[in-house]
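Trainee: Once you've had a glance at the structure underneath, I'll fire off some questions.
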Amino acid sequence: MPADTPYVRTTVISAIVYAVILSASLWYDAHHMDSIWRYPVAVLPIIPLIFIARASVQRIARLDELHQRIQFNALAMTVLVTALITLTYGFLEHVGLPHISVVWVWPLMAAVWGICTGVTRRRYYHS
Amino acid sequence: MRNSLRVLRAQLEISQAELAERLGIARQTVNALETGKYAPSLPLAFKIAKVFQKPVEEIFDPTDVED
């Protein structure tokens, strides 16, 4: 797939902003544990992530028909695989395995998405 | 779906990348079309026909497509 400069630019800038805001948010939480503002400050890191999400949707819309099909198939597989993994671990948590925060679901889904995209691509790419 | 894209492209003496640019698609998509691993949508098929100045049915062979 060709490089998508607007997507890369938005993602890199948003990732940097995310890291800065997250650090500030964590600092605020550590130093203002009784403040009601902890809650809105805690979710501030989502703002740059919204820009990354929008850039991702726009990127997929710019893909040609084959690559949109690859992404559609990969995302469908990703949803099912992630559901199976998280449900399996949920059952195992119930019988005693350590609790894992939901914040790890997205990194898991992103990793599965990468694998499923690679698997789906092989159907169409000349080896 | 079998097709004569590779032959037609060779006759025009253009690369996959050039054809991809003319069609507004990725080079990998041109490769998938030529190897028969991907069948184009109707709009893309007509775009391809316009580039090669041939009817769609002369470029793509639907005989191995299931009914």
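Simple scheme: letters A, B, ... for chains in structure tokens order, numbers from 1 for residues in each chain, numbers from 1 for ligands in the order shown.
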Find the spatial neighbours of stretch 14-21 of chain B, counting only C-alpha atoms, within a cut-off of 8 Å - ignore same-chain residues fewer than 5 positions away - and output them as a PyMOL selection string.
Mentor: chain B and resi 9+26-27+29-31
Trainee: Would you list, as a ChimeraX atom specification, the residues of chain B that end up in alpha helix (DSSP H) under DSSP run on this structure's backbone?
Mentor: /B:5-12,16-23,27-34,42-52,56-59
Trainee: Using only C-alpha atoms, find the residues of chain B whose closest atom to chain A is at most 10 Å away, then write them as an NGL selection string.
Mentor: :B and (23-41 or 44)
Trainee: Excluding A:Val12 and any residue of its chain fewer than 6 positions from it, enumerate the residues within 12 Å of it, using only C-alpha atoms, and give them as a short mmCIF file (atom, residue, chain, number, x, y, z; two decimals) with all heavy atoms, in the first residue's frame.
Mentor:
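Once written, selection-v7.cif looks like this:
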data_model
loop_
_atom_site.label_atom_id
_atom_site.label_comp_id
_atom_site.auth_asym_id
_atom_site.auth_seq_id
_atom_site.Cartn_x
_atom_site.Cartn_y
_atom_site.Cartn_z
N THR A 5 0.71 10.39 3.20
CA THR A 5 1.36 11.47 3.94
C THR A 5 0.43 12.18 4.92
O THR A 5 0.83 12.40 6.07
CB THR A 5 1.99 12.47 2.95
OG1 THR A 5 2.88 11.76 2.09
CG2 THR A 5 2.76 13.55 3.68
N PRO A 6 -0.79 12.57 4.52
CA PRO A 6 -1.66 13.26 5.50
C PRO A 6 -1.94 12.39 6.73
O PRO A 6 -1.95 12.90 7.86
CB PRO A 6 -2.95 13.51 4.71
CG PRO A 6 -2.56 13.46 3.29
CD PRO A 6 -1.43 12.49 3.20
N TYR A 18 -0.64 13.33 22.32
CA TYR A 18 -1.19 12.34 23.25
C TYR A 18 -0.21 12.07 24.38
O TYR A 18 -0.59 12.06 25.55
CB TYR A 18 -1.50 11.05 22.49
CG TYR A 18 -1.80 9.86 23.38
CD1 TYR A 18 -3.03 9.74 24.01
CD2 TYR A 18 -0.84 8.88 23.60
CE1 TYR A 18 -3.31 8.66 24.82
CE2 TYR A 18 -1.11 7.81 24.43
CZ TYR A 18 -2.35 7.69 25.02
OH TYR A 18 -2.61 6.62 25.84
N ALA A 19 1.05 11.87 24.06
CA ALA A 19 2.06 11.56 25.08
C ALA A 19 2.19 12.72 26.06
O ALA A 19 2.28 12.52 27.28
CB ALA A 19 3.40 11.28 24.41
N PRO A 48 -6.54 13.85 21.33
CA PRO A 48 -5.69 13.56 20.17
C PRO A 48 -6.01 12.20 19.54
O PRO A 48 -5.83 12.02 18.33
CB PRO A 48 -4.27 13.60 20.73
CG PRO A 48 -4.41 13.47 22.21
CD PRO A 48 -5.75 14.03 22.55
N LEU A 49 -6.50 11.26 20.33
CA LEU A 49 -6.84 9.94 19.78
C LEU A 49 -8.04 10.05 18.84
O LEU A 49 -8.15 9.28 17.88
CB LEU A 49 -7.14 8.95 20.90
CG LEU A 49 -5.96 8.62 21.81
CD1 LEU A 49 -6.37 7.59 22.85
CD2 LEU A 49 -4.76 8.12 21.02
N PHE A 51 -8.48 12.50 16.81
CA PHE A 51 -7.89 12.93 15.54
C PHE A 51 -7.26 11.75 14.80
O PHE A 51 -7.36 11.64 13.58
CB PHE A 51 -6.85 14.03 15.77
CG PHE A 51 -7.46 15.36 16.07
CD1 PHE A 51 -7.67 15.76 17.39
CD2 PHE A 51 -7.86 16.21 15.05
CE1 PHE A 51 -8.25 16.99 17.68
CE2 PHE A 51 -8.44 17.44 15.33
CZ PHE A 51 -8.64 17.83 16.64
N ILE A 52 -6.63 10.84 15.55
CA ILE A 52 -6.04 9.65 14.92
C ILE A 52 -7.15 8.77 14.35
O ILE A 52 -7.04 8.25 13.24
CB ILE A 52 -5.18 8.86 15.93
CG1 ILE A 52 -3.94 9.67 16.31
CG2 ILE A 52 -4.77 7.51 15.35
CD1 ILE A 52 -3.04 9.01 17.34
N ALA A 55 -8.41 10.38 11.18
CA ALA A 55 -7.42 10.21 10.11
C ALA A 55 -7.45 8.78 9.58
O ALA A 55 -7.30 8.56 8.37
CB ALA A 55 -6.02 10.57 10.62
#
Trainee: In Å, rounded to a single decimal, give me how far atom CA of B:Pro62 is from atom CA of A:Ile60.
Mentor: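 That distance, rounded to one decimal, is 29.3 Å.
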Trainee: Quick one: pull the distance between atom CA of A:Trp37 and atom CA of A:His99, Å, one decimal.
Mentor: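 Answer for the atom CA of A:Trp37 to atom CA of A:His99 separation: 27.4 Å.
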Trainee: Compile the contact shell of B:Ile59 as a list in words: residues with an atom at most 12 Å away, counting only C-alpha atoms, same-chain residues fewer than 5 positions apart removed.
Mentor: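 Close residues of B:Ile59: Met1, Arg2, Asn3, Ser4, Leu5, Arg6, Val7, Leu8, Arg9, Leu33, Glu34, Gly36, Ala39, Pro40, Ala45, Phe46, Lys47, Ile48, Ala49, Lys50, Val51, Phe52, Gln53 and Lys54 of chain B.
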Trainee: Could you tell me how far atom CA of A:Ala74 lies from atom CA of A:Phe91, in Å and to one decimal?
Mentor: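 Here the two named atoms are 25.6 Å from each other.
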Trainee: Determine, counting only C-alpha atoms, which protein, DNA and RNA residues have an atom within 10 Å of an atom of stretch 27-31 of chain A; residues of the same chain fewer than 6 positions away are not included. Present the result as a list in words.
Mentor: Ile21, Trp37, Arg38, Tyr39, Val41 and Ala42 of chain A
